[in-house]
$ cat protein-v1.cif   # mmCIF, C-alpha atoms
data_coords
loop_
_atom_site.label_atom_id
_atom_site.label_comp_id
_atom_site.auth_asym_id
_atom_site.auth_seq_id
_atom_site.Cartn_x
_atom_site.Cartn_y
_atom_site.Cartn_z
CA MET A 109 24.61 14.75 -35.63
CA SER A 110 24.48 16.09 -32.06
CA ILE A 111 24.87 19.67 -30.91
CA LYS A 112 28.46 20.76 -30.11
CA SER A 113 28.45 23.65 -27.66
CA ILE A 114 31.11 25.62 -25.77
CA ASP A 115 29.06 24.62 -22.75
CA PRO A 116 30.29 21.05 -22.06
CA ARG A 117 26.99 20.15 -20.39
CA ILE A 118 25.08 20.77 -23.60
CA THR A 119 27.55 18.72 -25.63
CA ARG A 120 27.29 15.88 -23.10
CA ALA A 121 23.50 15.85 -23.38
CA ASN A 122 23.82 14.52 -26.95
CA ILE A 123 20.96 16.53 -28.41
CA ASP A 124 20.25 15.89 -32.06
CA VAL A 125 20.73 18.99 -34.22
CA ASN A 126 17.46 18.34 -36.01
CA SER A 127 15.40 17.57 -32.93
CA SER A 128 12.29 19.62 -32.37
CA PRO A 129 11.07 20.86 -28.99
CA GLU A 130 9.56 17.94 -27.12
CA GLU A 131 6.38 19.50 -25.89
CA VAL A 132 4.19 22.41 -26.75
CA LEU A 133 3.19 24.18 -23.56
CA LYS A 134 -0.50 24.72 -23.01
CA PRO A 135 -1.94 27.38 -20.72
CA MET A 136 -2.05 26.11 -17.11
CA SER A 137 0.32 23.22 -17.84
CA HIS A 138 2.65 24.82 -15.30
CA TRP A 139 2.27 24.95 -11.54
CA GLN A 140 0.06 27.69 -10.16
CA THR A 141 1.55 31.07 -9.34
CA TYR A 142 2.09 32.62 -5.95
CA GLU A 143 2.59 36.29 -5.11
CA CYS A 144 5.55 36.97 -2.84
CA PHE A 145 5.90 39.67 -0.22
CA HIS A 146 9.26 40.54 1.23
CA GLN A 147 9.89 41.94 4.71
CA GLY A 148 13.17 43.79 4.97
CA LYS A 149 13.12 44.42 8.70
CA ARG A 150 11.09 43.07 11.58
CA GLY A 151 8.04 45.29 12.10
CA GLU A 152 8.10 46.68 8.56
CA HIS A 153 5.32 46.03 6.08
CA HIS A 154 5.69 43.10 3.72
CA VAL A 155 6.16 44.50 0.23
CA HIS A 156 5.15 42.75 -2.98
CA VAL A 157 8.27 41.76 -4.90
CA GLY A 158 7.06 39.37 -7.60
CA SER A 159 5.54 35.99 -8.28
CA LEU A 160 6.68 32.40 -8.74
CA HIS A 161 5.45 28.95 -9.69
CA ALA A 162 4.99 26.33 -6.99
CA PRO A 163 2.91 23.18 -6.51
CA ASN A 164 1.75 24.07 -2.98
CA ASP A 165 2.18 26.51 -0.08
CA GLU A 166 5.13 24.79 1.61
CA MET A 167 7.13 24.59 -1.61
CA ALA A 168 6.20 28.17 -2.52
CA VAL A 169 7.73 29.61 0.61
CA ILE A 170 10.86 27.45 0.30
CA LEU A 171 11.39 28.52 -3.31
CA ALA A 172 10.55 32.16 -2.56
CA LYS A 173 13.46 32.37 -0.14
CA GLU A 174 16.03 31.96 -2.91
CA GLN A 175 14.07 33.97 -5.51
CA PHE A 176 13.45 37.03 -3.39
CA GLY A 177 15.38 36.73 -0.14
CA ARG A 178 18.95 36.32 -1.24
CA ARG A 179 19.88 39.78 -2.52
CA ALA A 180 18.52 42.54 -0.29
CA ARG A 181 18.26 42.18 3.47
CA CYS A 182 15.25 40.04 4.33
CA VAL A 183 13.82 38.70 7.57
CA ASN A 184 10.62 37.04 6.37
CA ILE A 185 8.53 36.31 3.29
CA TRP A 186 4.80 35.86 2.74
CA VAL A 187 3.43 33.86 -0.16
CA VAL A 188 -0.18 34.03 -1.30
CA LYS A 189 -1.83 32.09 -4.10
CA THR A 190 -2.41 34.52 -6.95
CA SER A 191 -5.92 33.08 -7.22
CA SER A 192 -6.61 34.18 -3.63
CA ILE A 193 -6.22 37.82 -4.50
CA PHE A 194 -9.48 39.64 -5.20
CA THR A 195 -9.40 42.78 -7.21
CA PHE A 196 -11.49 45.21 -9.24
CA ASP A 197 -11.94 44.74 -12.91
CA ILE A 198 -9.46 46.84 -14.83
CA ASP A 199 -12.36 48.51 -16.67
CA ASP A 200 -13.64 49.87 -13.36
CA GLU A 201 -10.61 52.08 -12.86
CA ASP A 202 -12.84 55.12 -13.18
CA ILE A 203 -14.33 54.52 -9.71
CA PHE A 204 -11.08 55.85 -8.27
CA LYS A 205 -11.41 59.20 -9.99
CA ASN A 206 -12.06 62.11 -7.63
CA ASN A 207 -14.55 64.32 -9.33
CA GLN A 208 -14.85 66.93 -6.65
CA GLU A 209 -12.22 68.99 -4.96
CA LYS A 210 -11.20 66.61 -2.17
CA SER A 211 -7.53 67.32 -1.75
CA TYR A 212 -8.13 67.82 1.97
CA ARG A 213 -8.56 64.06 2.13
CA GLU A 214 -5.10 63.33 0.78
CA ALA A 215 -2.29 62.59 3.18
CA SER A 216 -0.18 65.28 1.57
CA GLY A 217 -2.61 67.78 3.05
CA TYR A 218 -1.08 67.22 6.47
CA LYS A 219 1.80 69.55 7.20
CA VAL A 220 2.78 67.84 10.43
CA MET A 221 5.91 66.21 8.94
CA GLU A 222 7.76 69.51 8.95
CA LYS A 223 7.07 69.89 12.68
CA ILE A 224 8.24 66.34 13.36
CA ASN A 225 11.47 66.85 11.46
CA LYS A 226 12.11 70.15 13.25
CA TYR A 227 11.54 68.45 16.62
CA LYS A 228 13.82 65.54 15.66
CA LYS A 229 16.57 67.95 14.64
CA GLU A 230 16.37 69.84 17.91
CA HIS A 231 16.28 66.72 20.03
CA LYS A 232 18.92 64.72 18.24
CA PRO A 233 20.63 62.32 20.68
CA ALA A 234 24.26 63.30 21.18
CA MET B 172 49.88 17.99 22.70
CA SER B 173 52.07 19.77 20.19
CA THR B 174 51.02 22.49 17.80
CA SER B 175 51.99 20.41 14.83
CA ASP B 176 49.53 17.66 15.74
CA LYS B 177 46.79 20.23 15.70
CA GLU B 178 47.97 21.63 12.40
CA ILE B 179 48.10 18.19 10.81
CA ALA B 180 44.60 17.43 12.09
CA LEU B 181 43.20 20.75 10.94
CA LYS B 182 44.63 20.41 7.43
CA ASP B 183 43.40 16.83 7.12
CA LEU B 184 39.84 17.71 8.08
CA CYS B 185 39.72 20.98 6.13
CA PHE B 186 40.97 19.33 2.94
CA ARG B 187 38.27 16.68 3.21
CA MET B 188 35.53 19.27 3.75
CA ALA B 189 36.82 21.72 1.15
CA ASP B 190 37.23 19.00 -1.49
CA ASP B 191 33.72 17.68 -0.81
CA ASP B 192 32.25 21.17 -1.13
CA LEU B 193 34.25 22.09 -4.22
CA ILE B 194 33.35 18.93 -6.11
CA LEU B 195 29.71 18.77 -5.06
CA GLY B 196 29.33 22.52 -5.60
CA HIS B 197 30.70 22.06 -9.11
CA ARG B 198 28.49 19.05 -9.77
CA ASN B 199 25.30 20.74 -8.52
CA SER B 200 26.06 23.85 -10.55
CA GLU B 201 25.83 21.64 -13.65
CA TRP B 202 22.06 21.95 -13.21
CA THR B 203 22.22 25.72 -13.73
CA GLY B 204 20.07 26.52 -16.73
CA LEU B 205 18.90 22.91 -17.00
CA GLY B 206 16.91 22.56 -13.76
CA PRO B 207 13.40 21.10 -13.78
CA ILE B 208 11.73 24.50 -13.31
CA LEU B 209 13.09 28.03 -13.17
CA GLU B 210 12.44 28.54 -9.45
CA GLU B 211 14.17 25.30 -8.48
CA ASP B 212 17.00 25.99 -10.92
CA ILE B 213 17.71 29.27 -9.10
CA ALA B 214 17.46 27.74 -5.63
CA PHE B 215 19.67 24.75 -6.46
CA SER B 216 22.27 26.93 -8.19
CA SER B 217 22.35 29.31 -5.27
CA MET B 218 23.00 26.46 -2.85
CA ALA B 219 25.74 25.11 -5.15
CA GLN B 220 27.36 28.52 -4.97
CA ASP B 221 27.15 28.42 -1.16
CA LYS B 222 29.14 25.17 -1.28
CA LEU B 223 31.90 26.81 -3.31
CA GLY B 224 31.95 29.51 -0.63
CA TYR B 225 32.59 26.90 2.08
CA ALA B 226 35.32 25.32 -0.04
CA GLN B 227 37.00 28.68 -0.51
CA ALA B 228 36.90 29.39 3.23
CA PHE B 229 38.36 26.01 4.18
CA TYR B 230 41.08 26.21 1.51
CA SER B 231 41.96 29.71 2.75
CA LEU B 232 42.27 28.37 6.28
CA ILE B 233 44.65 25.66 5.06
CA GLY B 234 46.47 28.28 2.98
CA LYS B 235 47.38 30.17 6.15
CA TYR B 236 49.46 27.18 7.28
CA LYS B 237 50.75 26.11 3.89
CA ASN B 238 51.50 29.60 2.60
CA SER B 239 49.23 29.01 -0.36
CA THR B 240 46.01 30.41 -1.78
CA ALA B 241 42.52 28.95 -2.06
CA ASP B 242 42.75 29.06 -5.87
CA ALA B 243 46.06 27.22 -5.95
CA LEU B 244 44.79 24.54 -3.56
CA ALA B 245 41.55 24.11 -5.50
CA PHE B 246 42.89 24.14 -9.04
CA THR B 247 46.46 22.84 -9.07
CA ARG B 248 46.39 19.62 -7.07
CA GLY B 249 46.30 16.28 -8.86
CA GLU B 250 43.46 13.82 -8.46
CA LYS B 251 45.46 11.63 -6.03
CA TYR B 252 45.76 14.54 -3.62
CA PHE B 253 42.01 15.12 -3.43
CA THR B 254 40.36 13.65 -0.36
CA CYS B 255 36.71 14.20 -1.23
CA CYS B 256 34.42 11.21 -0.73
CA ARG B 257 33.42 9.33 -3.87
CA PHE B 258 29.75 10.21 -3.32
CA VAL B 259 30.24 13.82 -4.47
CA GLU B 260 32.02 12.79 -7.67
CA TYR B 261 29.21 10.93 -9.39
CA PRO B 262 27.55 12.70 -12.34
CA ILE B 263 24.33 14.54 -11.57
CA GLY B 264 22.20 11.85 -13.22
CA GLU B 265 18.46 12.41 -13.16
CA TYR B 266 17.02 14.97 -10.77
CA ASP B 267 15.92 12.31 -8.27
CA PHE B 268 19.55 11.26 -7.78
CA SER B 269 20.73 14.86 -7.37
CA LEU B 270 17.96 15.58 -4.87
CA MET B 271 18.70 12.47 -2.86
CA ARG B 272 22.43 13.31 -2.77
CA HIS B 273 21.55 16.87 -1.72
CA PHE B 274 19.37 15.47 1.09
CA LEU B 275 21.89 12.92 2.37
CA PHE B 276 24.98 15.09 2.03
CA ASP B 277 23.57 18.36 3.31
CA ASN B 278 22.04 16.79 6.40
CA ALA B 279 25.48 15.36 7.20
CA GLU B 280 27.13 18.70 6.52
CA ALA B 281 24.61 20.58 8.68
CA ILE B 282 25.37 18.31 11.65
CA ARG B 283 29.09 18.53 10.91
CA PHE B 284 29.00 22.33 11.06
CA ASP B 285 26.90 22.27 14.23
CA LEU B 286 29.52 20.05 15.87
CA LEU B 287 32.36 22.20 14.55
CA THR B 288 31.04 25.23 16.39
CA TYR B 289 32.61 23.52 19.43
CA SER B 290 35.95 22.90 17.69
CA SER B 291 39.14 23.56 19.63
CA ASP B 292 40.24 25.63 16.63
CA THR B 293 38.56 29.04 16.86
CA ASP B 294 38.95 29.88 13.16
CA LEU B 295 37.15 26.69 12.24
CA ALA B 296 34.48 27.18 14.91
CA ASN B 297 33.80 30.70 13.64
CA LEU B 298 33.44 29.52 10.04
CA ALA B 299 31.03 26.82 11.17
CA LYS B 300 28.94 29.38 13.06
CA LYS B 301 28.82 31.54 9.97
CA PHE B 302 27.76 28.73 7.62
CA ARG B 303 25.25 26.83 9.74
CA SER B 304 22.35 29.19 8.98
CA GLU B 305 22.78 28.60 5.25
CA LEU B 306 22.86 24.86 5.84
CA LYS B 307 19.64 25.18 7.80
CA TYR B 308 17.92 26.41 4.65
CA HIS B 309 19.63 23.77 2.50
CA THR B 310 18.25 21.00 4.69
CA MET B 311 14.78 22.60 4.85
CA HIS B 312 14.79 22.64 1.05
CA ALA B 313 16.09 19.08 0.73
CA ASN B 314 13.80 17.62 3.39
CA LEU B 315 10.70 19.17 1.82
CA TRP B 316 11.54 17.88 -1.66
CA ILE B 317 12.18 14.36 -0.37
CA GLU B 318 8.98 14.37 1.66
CA GLN B 319 6.87 15.64 -1.23
CA MET B 320 8.39 13.41 -3.90
CA GLY B 321 8.24 10.38 -1.62
CA ASN B 322 4.55 10.93 -0.90
CA SER B 323 3.43 12.27 -4.26
CA ASN B 324 2.61 9.27 -6.46
CA GLU B 325 3.82 5.79 -7.25
CA GLU B 326 6.34 6.89 -9.86
CA THR B 327 7.98 9.59 -7.72
CA ASN B 328 8.02 7.28 -4.72
CA LEU B 329 9.71 4.50 -6.72
CA ARG B 330 12.25 6.86 -8.19
CA MET B 331 13.15 8.33 -4.80
CA GLN B 332 13.39 4.86 -3.27
CA SER B 333 15.64 3.66 -6.07
CA SER B 334 17.86 6.74 -5.70
CA LEU B 335 18.02 6.19 -1.96
CA ASN B 336 19.10 2.58 -2.52
CA THR B 337 21.80 3.71 -4.94
CA CYS B 338 22.98 6.56 -2.73
CA MET B 339 23.12 4.86 0.65
CA PRO B 340 26.44 2.98 0.32
CA GLN B 341 27.94 6.00 -1.43
CA ALA B 342 26.69 8.34 1.30
CA LEU B 343 28.16 6.14 4.02
CA GLY B 344 31.48 6.88 2.32
CA ILE B 345 31.21 10.46 3.61
CA PHE B 346 32.15 9.09 7.02
CA GLU B 347 35.38 7.34 6.00
CA ASN B 348 38.16 8.32 8.39
CA GLY B 349 40.85 10.63 7.10
CA CYS B 350 44.55 9.75 7.28
CA ASN B 351 44.84 11.63 10.57
CA GLU B 352 41.50 10.91 12.17
CA ASN B 353 43.19 10.00 15.48
CA LYS B 354 44.83 13.42 15.63
CA VAL B 355 41.55 15.11 14.69
CA LEU B 356 39.99 13.44 17.74
CA SER B 357 42.89 13.88 20.18
CA THR B 358 43.29 17.59 19.45
CA GLY B 359 39.59 18.28 19.85
CA ILE B 360 39.26 19.72 16.36
CA PHE B 361 36.20 17.59 15.66
CA LYS B 362 34.17 14.85 17.32
CA GLY B 363 34.99 12.47 14.47
CA GLU B 364 33.34 10.68 11.58
CA LYS B 365 31.93 7.82 13.64
CA PHE B 366 30.08 10.24 15.91
CA LEU B 367 28.85 12.21 12.92
CA ARG B 368 27.63 9.07 11.15
CA ASP B 369 25.51 8.02 14.13
CA ALA B 370 24.05 11.50 14.58
CA TRP B 371 23.29 11.61 10.85
CA LEU B 372 21.48 8.27 10.90
CA ASN B 373 19.37 9.47 13.82
CA MET B 374 18.55 12.63 11.91
CA ILE B 375 17.64 11.16 8.52
CA THR B 376 15.85 7.97 9.58
CA PRO B 377 12.59 9.66 10.72
CA LEU B 378 12.73 12.04 7.73
CA ILE B 379 12.99 9.11 5.32
CA GLU B 380 10.13 7.30 7.05
CA LYS B 381 7.98 10.44 6.93
CA SER B 382 8.65 10.53 3.20
CA GLY B 383 7.11 7.09 2.67
CA LEU B 384 10.51 5.56 1.88
CA LYS B 385 12.34 2.63 3.40
CA ILE B 386 15.85 3.15 4.71
CA PRO B 387 18.08 0.28 3.52
CA ASP B 388 19.40 -1.94 6.29
CA ILE B 389 22.58 -0.13 7.33
CA GLU B 390 24.21 -3.29 8.73
CA THR B 391 24.18 -4.98 5.32
CA GLN B 392 25.50 -1.96 3.42
CA THR B 393 29.13 -1.84 2.33
CA PRO B 394 30.17 1.81 2.57
CA GLU B 395 31.91 3.09 -0.53
CA PHE B 396 35.27 4.07 0.92
CA GLY B 397 38.49 5.15 -0.79
CA GLY B 398 37.94 8.82 -1.53
CA ARG B 399 39.52 10.06 1.70
CA MET B 400 42.66 8.08 0.78
CA GLY B 401 42.84 9.44 -2.75
CA TYR B 402 41.18 6.49 -4.52
CA HIS B 403 38.51 8.10 -6.64
CA THR B 404 35.84 7.19 -9.14
CA GLU B 405 36.52 7.44 -12.85
CA TYR B 406 34.40 10.61 -12.85
CA LEU B 407 36.69 12.86 -10.79
CA GLN B 408 39.54 13.39 -13.26
CA PRO B 409 37.30 14.54 -16.15
CA LEU B 410 35.55 16.91 -13.73
CA LEU B 411 38.90 18.37 -12.61
CA ASP B 412 40.00 18.76 -16.25
CA GLU B 413 36.83 20.63 -17.07
CA MET B 414 36.96 22.76 -13.91
CA ASN B 415 40.62 23.69 -14.39
CA GLU B 416 40.43 24.32 -18.11
CA VAL B 417 40.30 28.10 -17.86
CA PHE B 418 42.53 28.40 -14.80
CA SER B 419 45.35 26.42 -16.37
CA ILE B 420 45.50 28.71 -19.42
CA ASP B 421 47.00 31.38 -17.18
CA PRO B 422 47.25 30.48 -13.49
CA ASN B 423 48.47 33.97 -12.57
CA ALA B 424 45.74 35.89 -14.34
CA GLU B 425 44.12 38.70 -12.37
CA TRP B 426 40.32 38.40 -12.21
#

$ encode --input "protein-v1.cif" --output "structure tokens"
Amino acid sequence: MSIKSIDPRITRANIDVNSSPEEVLKPMSHWQTYECFHQGKRGEHHVHVGSLHAPNDEMAVILAKEQFGRRARCVNIWVVKTSSIFTFDIDDEDIFKNNQEKSYREASGYKVMEKINKYKKEHKPA
Amino acid sequence: MSTSDKEIALKDLCFRMADDDLILGHRNSEWTGLGPILEEDIAFSSMAQDKLGYAQAFYSLIGKYKNSTADALAFTRGEKYFTCCRFVEYPIGEYDFSLMRHFLFDNAEAIRFDLLTYSSDTDLANLAKKFRSELKYHTMHANLWIEQMGNSNEETNLRMQSSLNTCMPQALGIFENGCNENKVLSTGIFKGEKFLRDAWLNMITPLIEKSGLKIPDIETQTPEFGGRMGYHTEYLQPLLDEMNEVFSIDPNAEW
């Protein structure tokens, strides 16, 4: 007996009710992954938006366009093989801890933004 | 040159384009959820949706003259009144067939829209300008798939070649003249199917060669005509029944 579905495509496919999944997926039996970076406006930074499977660079960028470029405004996309990304081991997270008082190094230490905003307000184009 | 000639020509051409896009858009959307891989499933579905968008725009343009709506024109006409080419009606088959149809049809459509940007009808020219950038992506996508499958290995090459052989006479049916082709030409609405066919052959021939495939000898091909005159394949009516199933329950329903 074949599967009867409200989706006519499934019914047409004539799938046996008792059939078992054809293949058991093994690790790496899929295409490699690529990391995708989306640029919303020319001149802006590319921002990481997710990853996808692709057989090679050309196909990755073509597929990335519909995965990540079709909703929000987008002017360009970068794709990078996930395997090309070098990173620290997750266990080494402690190297980022600041043990001493070094808040003067943090960007939030700069108060210049207030001045910029004040200047912008005063010199608003008509 | 009277206004009515132009109107007749515009309706003839727009019905052909809208019917092609509606039927192929519907067909290609049958892959949604069943595509070969998730990423391709999303891309192919998105392009199918674009096609429905073109159909809606062309039906709306006709609707302005016929005092009708895009929905009514899409969902209430009988099979005999459809003027899509037979190529778009065939079931999706295996993915190689669907890819080859996507490649052959979308390259023709991309050139068609480029030419239509010079149409004597400004509404049509503006629609073509709006849609051509989407078609540019569609053809980039199609051309890359064909090139990669054609050059990948013996099996993919054979499958693409066999799909190309199957598709070629059907694809030549895209360029069948409509009932009012002479008016389409004389009013400057469009440069015509013959012109498009030649431009299309010039476009796809090097792409097919680059893909390691052999283009069938065009002179010996018998184009599959009939669709533009309302003579369709056995596959169109069941598609229309399925597509209209919900609409016909309550044609005036608000969505």

$ interface_residues --input "protein-v1.cif" --of "chain B" --to "chain A" --cutoff "9 Å" --atoms "only C-alpha atoms" --output "compact mmCIF listing (two decimals) with C-alpha atoms, in the coordinates of the input"
# COMPACT_ATOMS: atom_id res chain seq x y z
CA GLU B 201 25.83 21.64 -13.65
CA TRP B 202 22.06 21.95 -13.21
CA ILE B 208 11.73 24.50 -13.31
CA LEU B 209 13.09 28.03 -13.17
CA GLU B 210 12.44 28.54 -9.45
CA GLU B 211 14.17 25.30 -8.48
CA ILE B 213 17.71 29.27 -9.10
CA ALA B 214 17.46 27.74 -5.63
CA PHE B 215 19.67 24.75 -6.46
CA SER B 217 22.35 29.31 -5.27
CA MET B 218 23.00 26.46 -2.85
CA TYR B 308 17.92 26.41 4.65
CA MET B 311 14.78 22.60 4.85
CA HIS B 312 14.79 22.64 1.05
CA LEU B 315 10.70 19.17 1.82
CA TRP B 316 11.54 17.88 -1.66
CA GLN B 319 6.87 15.64 -1.23
CA GLU B 413 36.83 20.63 -17.07

$ residues_around --input "protein-v1.cif" --residues "Asp369 in chain B" --least-positions-apart "5" --cutoff "10 Å" --atoms "all atoms listed in the file" --output "VMD selection string"
chain B and resid 346 364 374

$ closest_residue --input "protein-v1.cif" --among "A:Glu152, A:Glu230, A:Glu143, A:Glu209" --to "Ser192 in chain A" --atoms "only C-alpha atoms"
A:Glu143

$ atom_distance --input "protein-v1.cif" --atom1 "CA of Arg150 in chain A" --atom2 "CA of Leu306 in chain B"
22.4 Å

$ resolve_selection --input "protein-v1.cif" --expression "the PyMOL selection byres ((chain B and resi 185) around 12)" --output "PDB file with C-alpha atoms, in the frame of the given file"
ATOM      1  CA  LYS B 177      46.790  20.230  15.700  1.00  0.00           C
ATOM      2  CA  GLU B 178      47.970  21.630  12.400  1.00  0.00           C
ATOM      3  CA  ILE B 179      48.100  18.190  10.810  1.00  0.00           C
ATOM      4  CA  ALA B 180      44.600  17.430  12.090  1.00  0.00           C
ATOM      5  CA  LEU B 181      43.200  20.750  10.940  1.00  0.00           C
ATOM      6  CA  LYS B 182      44.630  20.410   7.430  1.00  0.00           C
ATOM      7  CA  ASP B 183      43.400  16.830   7.120  1.00  0.00           C
ATOM      8  CA  LEU B 184      39.840  17.710   8.080  1.00  0.00           C
ATOM      9  CA  PHE B 186      40.970  19.330   2.940  1.00  0.00           C
ATOM     10  CA  ARG B 187      38.270  16.680   3.210  1.00  0.00           C
ATOM     11  CA  MET B 188      35.530  19.270   3.750  1.00  0.00           C
ATOM     12  CA  ALA B 189      36.820  21.720   1.150  1.00  0.00           C
ATOM     13  CA  ASP B 190      37.230  19.000  -1.490  1.00  0.00           C
ATOM     14  CA  ASP B 191      33.720  17.680  -0.810  1.00  0.00           C
ATOM     15  CA  ASP B 192      32.250  21.170  -1.130  1.00  0.00           C
ATOM     16  CA  LEU B 193      34.250  22.090  -4.220  1.00  0.00           C
ATOM     17  CA  TYR B 225      32.590  26.900   2.080  1.00  0.00           C
ATOM     18  CA  ALA B 226      35.320  25.320  -0.040  1.00  0.00           C
ATOM     19  CA  GLN B 227      37.000  28.680  -0.510  1.00  0.00           C
ATOM     20  CA  ALA B 228      36.900  29.390   3.230  1.00  0.00           C
ATOM     21  CA  PHE B 229      38.360  26.010   4.180  1.00  0.00           C
ATOM     22  CA  TYR B 230      41.080  26.210   1.510  1.00  0.00           C
ATOM     23  CA  SER B 231      41.960  29.710   2.750  1.00  0.00           C
ATOM     24  CA  LEU B 232      42.270  28.370   6.280  1.00  0.00           C
ATOM     25  CA  ILE B 233      44.650  25.660   5.060  1.00  0.00           C
ATOM     26  CA  GLY B 234      46.470  28.280   2.980  1.00  0.00           C
ATOM     27  CA  LYS B 235      47.380  30.170   6.150  1.00  0.00           C
ATOM     28  CA  TYR B 236      49.460  27.180   7.280  1.00  0.00           C
ATOM     29  CA  ALA B 241      42.520  28.950  -2.060  1.00  0.00           C
ATOM     30  CA  LEU B 244      44.790  24.540  -3.560  1.00  0.00           C
ATOM     31  CA  PHE B 253      42.010  15.120  -3.430  1.00  0.00           C
ATOM     32  CA  THR B 254      40.360  13.650  -0.360  1.00  0.00           C
ATOM     33  CA  CYS B 255      36.710  14.200  -1.230  1.00  0.00           C
ATOM     34  CA  ARG B 283      29.090  18.530  10.910  1.00  0.00           C
ATOM     35  CA  PHE B 284      29.000  22.330  11.060  1.00  0.00           C
ATOM     36  CA  LEU B 287      32.360  22.200  14.550  1.00  0.00           C
ATOM     37  CA  ASP B 292      40.240  25.630  16.630  1.00  0.00           C
ATOM     38  CA  ASP B 294      38.950  29.880  13.160  1.00  0.00           C
ATOM     39  CA  LEU B 295      37.150  26.690  12.240  1.00  0.00           C
ATOM     40  CA  ALA B 296      34.480  27.180  14.910  1.00  0.00           C
ATOM     41  CA  LEU B 298      33.440  29.520  10.040  1.00  0.00           C
ATOM     42  CA  ALA B 299      31.030  26.820  11.170  1.00  0.00           C
ATOM     43  CA  GLY B 349      40.850  10.630   7.100  1.00  0.00           C
ATOM     44  CA  ASN B 351      44.840  11.630  10.570  1.00  0.00           C
ATOM     45  CA  GLU B 352      41.500  10.910  12.170  1.00  0.00           C
ATOM     46  CA  VAL B 355      41.550  15.110  14.690  1.00  0.00           C
ATOM     47  CA  ILE B 360      39.260  19.720  16.360  1.00  0.00           C
ATOM     48  CA  PHE B 361      36.200  17.590  15.660  1.00  0.00           C
ATOM     49  CA  ARG B 399      39.520  10.060   1.700  1.00  0.00           C
TER      50      ARG B 399
END

$ resolve_selection --input "protein-v1.cif" --expression "the PyMOL selection byres ((chain A and resi 125) around 12)" --output "PyMOL selection string"
chain A and resi 109-113+118-119+121-124+126-129

$ atom_distance --input "protein-v1.cif" --atom1 "CA of Gly321 in chain B" --atom2 "CA of Ser304 in chain B"
25.8 Å

$ residues_around --input "protein-v1.cif" --residues "Ser159 in chain A" --least-positions-apart "5" --cutoff "8 Å" --atoms "all atoms listed in the file" --output "list in words"
Thr141, Tyr142, Glu143 and Cys144 of chain A

$ atom_distance --input "protein-v1.cif" --atom1 "CA of Asn278 in chain B" --atom2 "CA of Asn314 in chain B"
8.8 Å

$ resolve_selection --input "protein-v1.cif" --expression "the PyMOL selection byres ((chain B and resi 368) around 12)" --output "NGL selection string"
:B and (275-276 or 278-280 or 282-283 or 342-348 or 362-367 or 369-376 or 389 or 394)

$ closest_residue --input "protein-v1.cif" --among "A:Ile114, A:Val155, A:Pro233, A:Lys223" --to "Val187 in chain A" --atoms "only C-alpha atoms"
A:Val155

$ decode --input "protein-v1.cif" --residues "range 193-204 of chain B" --atoms "N, CA and C atoms" --output "short mmCIF file (atom, residue, chain, number, x, y, z; two decimals), in the first residue's frame"
data_model
loop_
_atom_site.label_atom_id
_atom_site.label_comp_id
_atom_site.auth_asym_id
_atom_site.auth_seq_id
_atom_site.Cartn_x
_atom_site.Cartn_y
_atom_site.Cartn_z
N LEU B 193 3.19 31.09 -15.12
CA LEU B 193 2.30 30.46 -14.14
C LEU B 193 2.51 28.95 -14.11
N ILE B 194 2.54 28.35 -15.29
CA ILE B 194 2.63 26.88 -15.34
C ILE B 194 4.02 26.40 -14.93
N LEU B 195 5.07 27.05 -15.43
CA LEU B 195 6.41 26.62 -15.04
C LEU B 195 6.69 26.94 -13.57
N GLY B 196 6.17 28.09 -13.10
CA GLY B 196 6.32 28.42 -11.69
C GLY B 196 5.66 27.37 -10.81
N HIS B 197 4.46 26.91 -11.25
CA HIS B 197 3.77 25.87 -10.50
C HIS B 197 4.56 24.57 -10.54
N ARG B 198 4.99 24.20 -11.73
CA ARG B 198 5.77 22.96 -11.89
C ARG B 198 7.01 22.99 -11.01
N ASN B 199 7.81 24.06 -11.12
CA ASN B 199 9.07 24.10 -10.37
C ASN B 199 8.84 24.11 -8.87
N SER B 200 7.69 24.66 -8.45
CA SER B 200 7.42 24.69 -7.01
C SER B 200 7.09 23.28 -6.51
N GLU B 201 6.85 22.34 -7.42
CA GLU B 201 6.62 20.96 -6.99
C GLU B 201 7.88 20.35 -6.36
N TRP B 202 9.02 20.99 -6.57
CA TRP B 202 10.26 20.51 -5.95
C TRP B 202 10.37 20.96 -4.49
N THR B 203 9.55 21.92 -4.09
CA THR B 203 9.67 22.46 -2.74
C THR B 203 9.52 21.36 -1.70
N GLY B 204 10.52 21.20 -0.88
CA GLY B 204 10.49 20.16 0.14
C GLY B 204 11.05 18.83 -0.35
#
